[in-house]
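Colleague: Got target28.tsv for you, TSV, C-alpha atoms and all ligand atoms:
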```tsv
chain	number	residue	atom	x	y	z
A	1	MET	CA	12.89	5.68	2.91
A	2	LYS	CA	14.92	8.51	1.50
A	3	ILE	CA	13.62	12.05	1.07
A	4	GLN	CA	16.26	14.26	-0.51
A	5	GLY	CA	18.92	11.84	0.72
A	6	VAL	CA	17.72	11.74	4.35
A	7	TRP	CA	16.28	8.54	5.80
A	8	HIS	CA	12.76	8.82	7.30
A	9	ARG	CA	9.93	6.53	8.32
A	10	SER	CA	6.47	7.34	6.98
A	11	LEU	CA	5.09	7.36	10.55
A	12	ARG	CA	6.95	8.45	13.67
A	13	GLU	CA	5.94	8.78	17.29
A	14	ASP	CA	6.62	12.19	18.80
A	15	PRO	CA	7.80	12.89	22.37
A	16	SER	CA	4.26	14.14	23.09
A	17	GLY	CA	2.91	10.67	22.25
A	18	ALA	CA	1.16	11.86	19.09
A	19	ILE	CA	2.18	10.46	15.71
A	20	THR	CA	3.43	12.38	12.71
A	21	ILE	CA	2.62	11.22	9.20
A	22	LEU	CA	3.04	12.61	5.71
A	23	ASP	CA	-0.13	14.12	4.28
A	24	GLN	CA	0.13	12.32	0.95
A	25	ARG	CA	-2.54	14.42	-0.74
A	26	TRP	CA	0.01	17.12	-1.48
A	27	LEU	CA	2.79	14.98	-2.88
A	28	PRO	CA	4.90	15.30	-4.92
A	29	HIS	CA	4.54	19.07	-4.87
A	30	ASP	CA	4.55	19.78	-1.16
A	31	LEU	CA	6.01	17.88	1.78
A	32	ARG	CA	3.54	18.32	4.63
A	33	TRP	CA	4.00	16.36	7.85
A	34	VAL	CA	0.90	16.38	10.08
A	35	GLN	CA	0.41	15.35	13.67
A	36	LEU	CA	-2.41	13.03	14.77
A	37	ALA	CA	-3.25	12.79	18.47
A	38	THR	CA	-6.81	11.47	18.64
A	39	ALA	CA	-8.79	8.52	17.29
A	40	ASP	CA	-10.99	10.89	15.29
A	41	GLN	CA	-7.97	12.50	13.65
A	42	CYS	CA	-6.59	9.07	12.72
A	43	ALA	CA	-9.96	8.03	11.30
A	44	GLU	CA	-10.21	11.22	9.24
A	45	ALA	CA	-6.61	10.84	7.97
A	46	ILE	CA	-7.45	7.33	6.75
A	47	ARG	CA	-10.89	8.16	5.35
A	48	ALA	CA	-9.70	11.24	3.43
A	49	MET	CA	-6.52	9.50	2.26
A	50	TRP	CA	-3.96	11.76	3.86
A	51	THR	CA	-2.47	8.38	4.65
A	52	ARG	CA	-3.04	5.26	2.55
A	53	GLY	CA	-1.64	1.86	1.57
A	54	ALA	CA	-2.80	-1.29	3.30
A	55	PRO	CA	0.07	-1.73	5.84
A	56	LEU	CA	0.19	1.96	6.75
A	57	LEU	CA	-3.57	2.04	7.34
A	58	ALA	CA	-3.02	-0.75	9.87
A	59	ALA	CA	-0.39	1.24	11.77
A	60	VAL	CA	-2.39	4.48	11.83
A	61	GLY	CA	-5.53	2.57	12.85
A	62	ALA	CA	-3.65	0.86	15.70
A	63	TYR	CA	-2.45	4.20	17.06
A	64	GLY	CA	-5.99	5.55	16.67
A	65	LEU	CA	-7.35	2.84	18.92
A	66	GLY	CA	-4.57	3.55	21.44
A	67	PHE	CA	-5.49	7.26	21.45
A	68	ALA	CA	-9.16	6.38	22.01
A	69	LEU	CA	-8.18	4.34	25.08
A	70	GLN	CA	-6.09	7.22	26.41
A	71	ASP	CA	-9.23	9.35	26.40
A	72	ASP	CA	-11.53	6.66	27.76
A	73	PRO	CA	-10.33	3.10	28.46
A	74	SER	CA	-13.80	1.58	28.85
A	75	ASP	CA	-15.17	-1.32	26.75
A	76	ARG	CA	-17.72	1.06	25.29
A	77	SER	CA	-15.00	3.41	24.05
A	78	LEU	CA	-12.97	0.49	22.66
A	79	THR	CA	-15.95	-0.81	20.68
A	80	ALA	CA	-16.94	2.63	19.40
A	81	ALA	CA	-13.43	3.53	18.22
A	82	TYR	CA	-12.94	0.06	16.69
A	83	THR	CA	-16.16	0.47	14.68
A	84	THR	CA	-15.32	4.00	13.54
A	85	LEU	CA	-11.78	3.15	12.48
A	86	LEU	CA	-12.78	-0.07	10.72
A	87	SER	CA	-15.43	1.72	8.67
A	88	THR	CA	-12.95	4.21	7.19
A	89	ARG	CA	-11.64	1.99	4.36
A	90	PRO	CA	-13.36	-1.36	3.79
A	91	THR	CA	-11.10	-3.21	1.35
A	92	ALA	CA	-7.60	-3.44	2.83
A	93	VAL	CA	-7.71	-6.17	5.46
A	94	ASN	CA	-4.56	-5.07	7.33
A	95	LEU	CA	-6.59	-2.41	9.13
A	96	ARG	CA	-8.93	-5.02	10.59
A	97	TRP	CA	-5.96	-7.22	11.50
A	98	ALA	CA	-4.31	-4.39	13.47
A	99	LEU	CA	-7.52	-3.33	15.23
A	100	ASP	CA	-8.19	-6.96	16.21
A	101	ALA	CA	-4.63	-7.29	17.52
A	102	ILE	CA	-5.18	-4.28	19.79
A	103	VAL	CA	-8.56	-5.53	21.02
A	104	GLN	CA	-7.11	-8.95	21.84
A	105	GLY	CA	-4.13	-7.35	23.57
A	106	VAL	CA	-6.13	-5.05	25.85
A	107	ARG	CA	-9.53	-6.54	26.54
A	108	ASP	CA	-8.44	-8.64	29.54
A	109	ARG	CA	-6.31	-5.85	31.01
A	110	PRO	CA	-7.35	-3.44	33.77
A	111	GLU	CA	-8.60	-0.18	32.29
A	112	ALA	CA	-5.63	1.73	33.73
A	113	GLU	CA	-3.21	-0.32	31.60
A	114	ARG	CA	-5.14	-0.46	28.36
A	115	ALA	CA	-3.87	2.65	26.57
A	116	ASN	CA	-0.20	1.92	27.26
A	117	GLN	CA	-0.65	-1.66	26.15
A	118	ALA	CA	-2.42	-0.59	22.94
A	119	LEU	CA	0.29	1.92	22.08
A	120	ALA	CA	3.00	-0.67	22.77
A	121	ILE	CA	1.28	-3.01	20.29
A	122	ALA	CA	1.04	-0.18	17.74
A	123	ARG	CA	4.79	0.44	18.11
A	124	ASP	CA	5.51	-3.27	17.63
A	125	ILE	CA	3.32	-3.33	14.51
A	126	CYS	CA	5.47	-0.54	13.03
A	127	ASP	CA	8.80	-2.16	13.92
A	128	GLU	CA	7.74	-5.59	12.70
A	129	GLU	CA	6.40	-4.04	9.50
A	130	VAL	CA	9.87	-2.72	8.60
A	131	GLU	CA	11.50	-6.13	9.17
A	132	THR	CA	8.76	-7.85	7.19
A	133	ASN	CA	9.21	-5.57	4.22
A	134	GLN	CA	12.97	-6.05	4.28
A	135	ALA	CA	12.40	-9.81	4.15
A	136	ILE	CA	9.97	-9.38	1.22
A	137	GLY	CA	12.65	-7.28	-0.45
A	138	ARG	CA	15.33	-9.95	-0.01
A	139	HIS	CA	13.10	-12.66	-1.50
A	140	GLY	CA	12.03	-10.49	-4.44
A	141	LEU	CA	15.62	-9.43	-5.02
A	142	GLY	CA	16.44	-13.03	-5.98
A	143	LEU	CA	13.93	-12.85	-8.84
A	144	ILE	CA	15.42	-9.60	-10.14
A	145	LYS	CA	18.96	-10.99	-9.86
A	146	ASP	CA	18.01	-14.04	-11.93
A	147	LEU	CA	16.53	-11.85	-14.66
A	148	ALA	CA	19.56	-9.53	-14.59
A	149	MET	CA	21.90	-12.49	-15.15
A	150	ALA	CA	19.97	-13.44	-18.29
A	151	LYS	CA	20.20	-9.92	-19.75
A	152	PRO	CA	22.94	-8.63	-22.06
A	153	PRO	CA	25.49	-6.62	-20.02
A	154	GLY	CA	24.31	-3.09	-19.24
A	155	GLN	CA	20.65	-3.80	-20.02
A	156	PRO	CA	18.33	-3.04	-17.09
A	157	VAL	CA	15.65	-5.36	-15.77
A	158	ASN	CA	12.36	-3.66	-16.70
A	159	ILE	CA	9.70	-3.89	-14.02
A	160	LEU	CA	6.13	-2.63	-14.31
A	161	THR	CA	4.26	-1.63	-11.15
A	162	HIS	CA	0.79	-0.27	-10.46
A	163	CYS	CA	-0.39	2.18	-7.79
A	164	ASN	CA	1.99	2.80	-4.90
A	165	ALA	CA	3.26	-0.13	-2.87
A	166	GLY	CA	6.43	1.55	-1.73
A	167	TRP	CA	7.47	3.05	1.57
A	168	LEU	CA	4.69	5.62	1.42
A	169	ALA	CA	2.19	2.77	1.69
A	170	THR	CA	4.05	1.12	4.59
A	171	ILE	CA	6.34	2.23	7.41
A	172	ASP	CA	9.49	1.75	5.34
A	173	TRP	CA	10.79	-0.02	2.20
A	174	GLY	CA	7.36	-0.91	0.83
A	175	THR	CA	6.23	-4.29	-0.45
A	176	ALA	CA	6.38	-4.29	-4.27
A	177	LEU	CA	9.13	-1.66	-4.30
A	178	ALA	CA	11.33	-3.24	-1.60
A	179	PRO	CA	13.00	-5.72	-4.03
A	180	ILE	CA	13.52	-2.87	-6.52
A	181	TYR	CA	15.24	-0.66	-3.93
A	182	MET	CA	17.44	-3.54	-2.83
A	183	ALA	CA	18.41	-4.43	-6.40
A	184	HIS	CA	19.26	-0.79	-7.15
A	185	ASP	CA	21.26	-0.50	-3.93
A	186	GLN	CA	23.27	-3.58	-4.93
A	187	GLY	CA	24.19	-2.05	-8.27
A	188	ILE	CA	21.81	-4.17	-10.37
A	189	ALA	CA	20.45	-2.11	-13.28
A	190	VAL	CA	16.69	-1.77	-12.87
A	191	HIS	CA	14.18	0.41	-14.65
A	192	VAL	CA	10.56	0.78	-13.52
A	193	TYR	CA	7.49	1.46	-15.65
A	194	VAL	CA	5.18	3.35	-13.30
A	195	ASP	CA	1.45	3.22	-14.10
A	196	GLU	CA	-0.08	6.64	-13.41
A	197	THR	CA	-2.97	4.89	-11.56
A	198	ARG	CA	-6.08	6.98	-12.10
A	199	PRO	CA	-8.14	8.29	-10.49
A	200	ARG	CA	-5.90	9.43	-7.61
A	201	ASN	CA	-2.65	8.97	-9.51
A	202	GLN	CA	-0.73	7.17	-6.79
A	203	GLY	CA	1.77	6.05	-9.43
A	204	ALA	CA	2.37	9.50	-10.91
A	205	SER	CA	2.43	11.41	-7.65
A	206	LEU	CA	3.76	8.89	-5.11
A	207	THR	CA	5.67	6.02	-6.73
A	208	ALA	CA	7.45	8.34	-9.16
A	209	TRP	CA	8.40	10.63	-6.26
A	210	GLU	CA	9.71	7.75	-4.17
A	211	LEU	CA	11.78	6.32	-7.01
A	212	ALA	CA	13.16	9.76	-7.88
A	213	ASN	CA	14.19	10.30	-4.26
A	214	HIS	CA	15.98	6.96	-4.22
A	215	GLY	CA	17.61	7.51	-7.61
A	216	VAL	CA	15.91	4.54	-9.31
A	217	PRO	CA	15.39	5.08	-13.07
A	218	PHE	CA	11.73	5.03	-14.06
A	219	THR	CA	9.33	5.92	-16.86
A	220	LEU	CA	5.84	7.15	-16.04
A	221	VAL	CA	3.19	5.70	-18.37
A	222	VAL	CA	-0.56	6.17	-18.67
A	223	ASP	CA	-2.63	3.37	-17.24
A	224	ASN	CA	-3.47	1.88	-20.61
A	225	ALA	CA	0.14	1.58	-21.82
A	226	GLY	CA	1.05	-1.62	-19.97
A	227	GLY	CA	-0.45	-4.01	-22.53
A	228	HIS	CA	1.41	-2.35	-25.39
A	229	LEU	CA	4.69	-2.40	-23.48
A	230	MET	CA	4.30	-6.09	-22.73
A	231	GLN	CA	3.44	-6.93	-26.35
A	232	HIS	CA	6.68	-5.26	-27.37
A	233	GLU	CA	8.82	-7.10	-24.80
A	234	GLN	CA	9.55	-3.96	-22.83
A	235	VAL	CA	8.59	-5.52	-19.49
A	236	ASP	CA	10.54	-8.38	-17.85
A	237	LEU	CA	8.25	-8.71	-14.87
A	238	CYS	CA	5.39	-7.03	-13.04
A	239	ILE	CA	5.39	-6.57	-9.28
A	240	VAL	CA	2.39	-5.08	-7.51
A	241	GLY	CA	1.24	-4.79	-3.91
A	242	THR	CA	-2.11	-5.87	-2.58
A	243	ASP	CA	-4.83	-4.85	-0.14
A	244	ARG	CA	-6.20	-8.31	0.51
A	245	VAL	CA	-5.31	-11.87	-0.53
A	246	THR	CA	-7.81	-14.66	0.05
A	247	ALA	CA	-6.92	-18.04	1.50
A	248	ASN	CA	-7.05	-19.38	-2.09
A	249	GLY	CA	-4.63	-16.77	-3.44
A	250	ASP	CA	-6.99	-14.33	-5.17
A	251	VAL	CA	-5.49	-10.83	-5.07
A	252	CYS	CA	-7.35	-7.60	-4.50
A	253	ASN	CA	-5.43	-4.45	-5.39
A	254	LYS	CA	-5.90	-0.97	-6.84
A	255	ILE	CA	-8.33	-0.79	-9.74
A	256	GLY	CA	-6.57	-1.70	-12.99
A	257	THR	CA	-4.34	-4.39	-11.51
A	258	TYR	CA	-6.49	-7.13	-13.07
A	259	LEU	CA	-6.02	-5.69	-16.58
A	260	LYS	CA	-2.24	-5.72	-16.11
A	261	ALA	CA	-2.39	-9.33	-14.95
A	262	LEU	CA	-4.41	-10.26	-18.05
A	263	ALA	CA	-1.92	-8.54	-20.33
A	264	ALA	CA	0.99	-10.19	-18.51
A	265	ASN	CA	-0.64	-13.59	-18.86
A	266	ASP	CA	-1.26	-13.08	-22.58
A	267	ASN	CA	2.35	-12.07	-23.16
A	268	GLY	CA	4.15	-14.56	-20.93
A	269	VAL	CA	5.35	-11.84	-18.54
A	270	PRO	CA	5.69	-13.03	-14.91
A	271	PHE	CA	3.19	-11.28	-12.63
A	272	TYR	CA	4.20	-11.19	-8.97
A	273	VAL	CA	2.33	-9.84	-5.96
A	274	ALA	CA	4.28	-8.76	-2.87
A	275	LEU	CA	2.60	-8.92	0.54
A	276	PRO	CA	3.09	-9.26	4.27
A	277	TYR	CA	1.14	-11.89	6.23
A	278	THR	CA	-1.17	-9.15	7.55
A	279	THR	CA	-2.69	-8.83	4.07
A	280	ILE	CA	-4.00	-12.40	4.01
A	281	ASP	CA	-7.67	-12.79	4.84
A	282	TRP	CA	-7.93	-16.39	6.00
A	283	THR	CA	-11.68	-16.04	6.50
A	284	ILE	CA	-12.53	-15.95	2.78
A	285	LYS	CA	-11.62	-17.95	-0.33
A	286	ASP	CA	-13.37	-16.38	-3.31
A	287	GLY	CA	-12.03	-12.88	-3.88
A	288	LEU	CA	-14.60	-11.90	-6.51
A	289	ALA	CA	-17.56	-12.88	-4.38
A	290	GLU	CA	-16.33	-12.00	-0.93
A	291	ILE	CA	-14.05	-8.95	-0.92
A	292	PRO	CA	-15.88	-5.66	-0.34
A	293	ILE	CA	-14.79	-3.24	-3.07
A	294	GLU	CA	-14.61	0.34	-1.86
A	295	GLN	CA	-16.57	2.82	-3.98
A	296	ARG	CA	-15.07	6.25	-3.83
A	297	PRO	CA	-16.32	9.79	-4.44
A	298	HIS	CA	-17.59	10.99	-7.81
A	299	ASP	CA	-15.19	13.95	-7.96
A	300	GLU	CA	-12.13	11.68	-8.10
A	301	VAL	CA	-13.31	10.73	-11.60
A	302	THR	CA	-14.64	14.05	-12.84
A	303	HIS	CA	-11.76	16.18	-11.54
A	304	ILE	CA	-8.01	15.97	-11.30
A	305	TRP	CA	-5.49	17.59	-8.93
A	306	GLY	CA	-2.21	19.05	-10.06
A	307	GLN	CA	0.18	21.96	-9.77
A	308	THR	CA	-0.13	24.99	-12.04
A	309	ALA	CA	2.83	26.64	-13.70
A	310	ALA	CA	2.57	29.29	-10.96
A	311	GLY	CA	3.24	26.59	-8.37
A	312	GLU	CA	-0.27	26.46	-6.92
A	313	MET	CA	-2.24	23.27	-6.33
A	314	ALA	CA	-5.39	23.25	-8.45
A	315	ASN	CA	-8.33	20.93	-8.99
A	316	VAL	CA	-9.77	20.99	-12.51
A	317	GLN	CA	-12.82	19.38	-14.09
A	318	ILE	CA	-12.04	17.00	-16.97
A	319	THR	CA	-15.51	16.02	-18.17
A	320	VAL	CA	-18.96	17.42	-18.88
A	321	ASP	CA	-21.06	18.85	-16.07
A	322	ASN	CA	-23.16	16.25	-14.23
A	323	ALA	CA	-21.47	13.23	-15.80
A	324	THR	CA	-22.57	9.94	-14.29
A	325	THR	CA	-19.57	8.16	-12.81
A	326	ALA	CA	-18.56	4.86	-11.27
A	327	ASN	CA	-15.50	4.83	-9.03
A	328	TYR	CA	-14.48	1.39	-7.84
A	329	GLY	CA	-11.25	1.66	-5.86
A	330	PHE	CA	-10.03	-1.90	-6.28
A	331	ASP	CA	-10.37	-5.02	-8.41
A	332	VAL	CA	-9.68	-8.71	-7.93
A	333	THR	CA	-7.08	-10.63	-9.89
A	334	PRO	CA	-7.89	-14.35	-9.80
A	335	ALA	CA	-5.09	-16.51	-8.41
A	336	ARG	CA	-4.66	-18.28	-11.78
A	337	LEU	CA	-3.20	-15.05	-13.23
A	338	VAL	CA	-0.63	-14.62	-10.46
A	339	THR	CA	2.77	-16.20	-11.13
A	340	ALA	CA	3.62	-16.26	-7.40
A	341	LEU	CA	3.33	-14.35	-4.15
A	342	ILE	CA	6.42	-12.71	-2.67
A	343	THR	CA	6.04	-12.94	1.10
A	344	GLU	CA	8.34	-12.31	4.04
A	345	ARG	CA	8.76	-16.08	4.37
A	346	GLY	CA	9.56	-16.78	0.74
A	347	ILE	CA	8.05	-16.96	-2.73
A	348	ILE	CA	5.01	-19.19	-2.89
A	349	PRO	CA	2.37	-20.23	-5.42
A	350	ALA	CA	-0.87	-18.23	-5.24
A	351	THR	CA	-2.83	-21.28	-4.11
A	352	ALA	CA	-4.49	-22.49	-0.94
A	353	GLU	CA	-1.72	-25.08	-0.56
A	354	GLY	CA	1.05	-22.53	-1.10
A	355	LEU	CA	-0.34	-20.14	1.46
A	356	ALA	CA	-1.17	-22.82	4.00
A	357	MET	CA	2.30	-24.37	3.66
A	358	LEU	CA	3.99	-21.14	4.74
A	359	TYR	CA	1.64	-19.96	7.42
A	360	THR	CA	0.64	-23.07	9.36
A	401	LIG	O1	-6.28	3.31	-2.30
A	401	LIG	P1	-4.88	3.12	-1.83
A	401	LIG	O2	-3.92	4.14	-2.36
A	401	LIG	O3	-4.78	2.94	-0.33
A	401	LIG	O4	-4.48	1.74	-2.49
A	401	LIG	C1	-3.22	1.18	-2.23
A	401	LIG	C2	-2.88	0.02	-3.05
A	401	LIG	O5	-3.65	-0.48	-3.83
A	401	LIG	C3	-1.57	-0.59	-2.79
A	401	LIG	O6	-1.03	-1.14	-3.95
A	401	LIG	C4	-1.77	-1.65	-1.72
A	401	LIG	O7	-2.34	-1.08	-0.57
A	401	LIG	C5	-0.54	-2.31	-1.35
A	401	LIG	S1	0.44	-1.26	-0.38
A	401	LIG	C6	1.82	-2.03	0.13
```
Any chance you could put this one into structure tokens?
Ligand code: MRU

Modeller:
Amino acid sequence: MKIQGVWHRSLREDPSGAITILDQRWLPHDLRWVQLATADQCAEAIRAMWTRGAPLLAAVGAYGLGFALQDDPSDRSLTAAYTTLLSTRPTAVNLRWALDAIVQGVRDRPEAERANQALAIARDICDEEVETNQAIGRHGLGLIKDLAMAKPPGQPVNILTHCNAGWLATIDWGTALAPIYMAHDQGIAVHVYVDETRPRNQGASLTAWELANHGVPFTLVVDNAGGHLMQHEQVDLCIVGTDRVTANGDVCNKIGTYLKALAANDNGVPFYVALPYTTIDWTIKDGLAEIPIEQRPHDEVTHIWGQTAAGEMANVQITVDNATTANYGFDVTPARLVTALITERGIIPATAEGLAMLYT
């Protein structure tokens, strides 16, 4: 990931053993790196969305469990920290996957070895995550190349994305954005329509910032613009990330994803979902019935954060006092609306057979 031309990872381990992450609440206006050294700090960073994005939650959660074992390597401490960390964000399944990986890796070890073993697993999760996303990028790049070949010379491939599924949501590269970065780096003309993604504006504040830092041309649009753009043939394909995919291929992602999939389906625009294997929940089939949808605080709907002309961060109210709100963080796109899944092992149909074929 490039910030002002310098390559970074979104999470790094410090010589002290703590981790440093970007506090994403302040982006794009302020670049604040923060250090996390305890399980409670990791849990708070996840819960309050200093850090976010399904794969990154997994990495921060894994380190959190390692830090808990440094303080107290007992079974009781392991169970308590597991429960606390898991409860922070209920929808993205990668967090559960990482916490389970740590528990499996340490539970039969002597207590004296547990913390080191947990932190070694956390490190591996981060390194593997980067390789996985590069593989997702290479597979998705093929799709963009094919579309570029069919375009008149000089015309960019127009890609619509929702929320932030770039490097800020992972350790590096991202999922949905990895193919876009690779295409751009290879000199293929790409242009991205970035959904603002209310209520927290991950598109406006995070995806736009990432793309700007990498030099990828983009246009920021309000959430409701996607349908219009697709009706007017302004979008060649959609690529989004995901927080959980069921064994049948239903896709849970940031609220509003479903509406984009409907519009894409109605207009014959391919709708792709990019994901690593850690996002698949093999224990469930029916996304609508079985995925817990996180409900988030009232003030995310009634208020909005931004920077004033004087350069100060400010939170302003955008509705009447005491408005009743509903704030569902995610929605489920049924598999039938998904053209295909872009995984680290290849591009597969969003079906039980497609998923099972690759991962068994
Ligand atoms: O609530 P957030 O910002 O954590 O939601 C993130 C998303 O919906 C992403 O698109 C998803 O986690 C995929 S990230 C590679």

Colleague: Would you list the contacts of Ile280 of chain A as a ChimeraX atom specification, taking every protein, DNA or RNA residue within 6 Å and counting all atoms listed in the file, but skipping same-chain residues closer than 3 positions in sequence?

Modeller: /A:244-246,277

Colleague: Which residues of chain A sit at most 6 Å from ligand LIG 401 (chain A), using only C-alpha atoms and all ligand atoms? Give each one's shortest atom pair and distance in Å (one decimal place), in chain and ascending residue order, as a Markdown table.

Modeller:
```
| residue | atom | partner | partner_atom | distance |
| --- | --- | --- | --- | --- |
| A:Arg52 | CA | A:LIG401 | O3 | 4.1 |
| A:Gly53 | CA | A:LIG401 | O7 | 3.7 |
| A:Ala54 | CA | A:LIG401 | O7 | 3.9 |
| A:Pro55 | CA | A:LIG401 | C6 | 6.0 |
| A:Cys163 | CA | A:LIG401 | O6 | 5.1 |
| A:Asn164 | CA | A:LIG401 | O6 | 5.1 |
| A:Ala165 | CA | A:LIG401 | C6 | 3.8 |
| A:Ala169 | CA | A:LIG401 | S1 | 4.9 |
| A:Thr170 | CA | A:LIG401 | C6 | 5.9 |
| A:Gly174 | CA | A:LIG401 | C6 | 5.7 |
| A:Thr175 | CA | A:LIG401 | C6 | 5.0 |
| A:Gly241 | CA | A:LIG401 | C5 | 4.0 |
| A:Thr242 | CA | A:LIG401 | C5 | 4.1 |
| A:Asp243 | CA | A:LIG401 | O7 | 4.5 |
| A:Asn253 | CA | A:LIG401 | O5 | 4.6 |
| A:Lys254 | CA | A:LIG401 | O5 | 3.8 |
```

Colleague: Would you pick out the contacts of Gly137 of chain A at 7 Å or less, using all atoms listed in the file, so that residues sharing its chain but fewer than 3 positions from it are not included, and give the list as a list in words?

Modeller: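 Once the nearby chain positions are removed, what remains is Asn133, Gln134, Gly140, Leu141, Ala178, Pro179 and Met182 of chain A.
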
Colleague: With a cut-off of 12 Å, could you pull out the residues of segment 224-293 of chain A touching segment 58-69 of chain A and give me the nearest pair of atoms for each, distance in Å to one decimal, using all atoms listed in the file, ordered by chain and ascending number, as a tab-separated table?

Modeller:
```
residue	atom	partner	partner_atom	distance
A:Asp243	CA	A:Ala58	CA	11.0
A:Pro276	CA	A:Ala58	CA	11.9
A:Thr278	CA	A:Ala58	CA	8.9
A:Thr279	CA	A:Ala58	CA	10.0
```

Colleague: Closest to Leu11 of chain A among A:Leu27, A:Ile125, A:Ala48, A:Ala118, using only C-alpha atoms?

Modeller: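 So, comparing all the options, the nearest one is A:Ile125.
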
Colleague: For each of A:Ile284, A:Ala263, A:Leu31, A:Cys238, take the minimum atom-to-atom distance to Ile159 of chain A, counting all atoms listed in the file, then give the residue where this is smallest.

Modeller: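 Closest residue, counting all atoms listed in the file: A:Cys238.
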
Colleague: Do you have the atom CA of Asp146 of chain A-atom CA of Ala176 of chain A distance handy?

Modeller: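 Distance reported for this atom pair: 17.0 Å.
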
Colleague: What separation in Å, quoted to one decimal, exists between atom CA of Asn201 of chain A and atom CA of Ala261 of chain A?

Modeller: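 These two atoms are separated by 19.1 Å.
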
Colleague: By how many Å are atom CA of Gln231 of chain A and atom CA of Leu259 of chain A apart?

Modeller: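 One can read the atom CA of Gln231 of chain A to atom CA of Leu259 of chain A distance as 13.7 Å.
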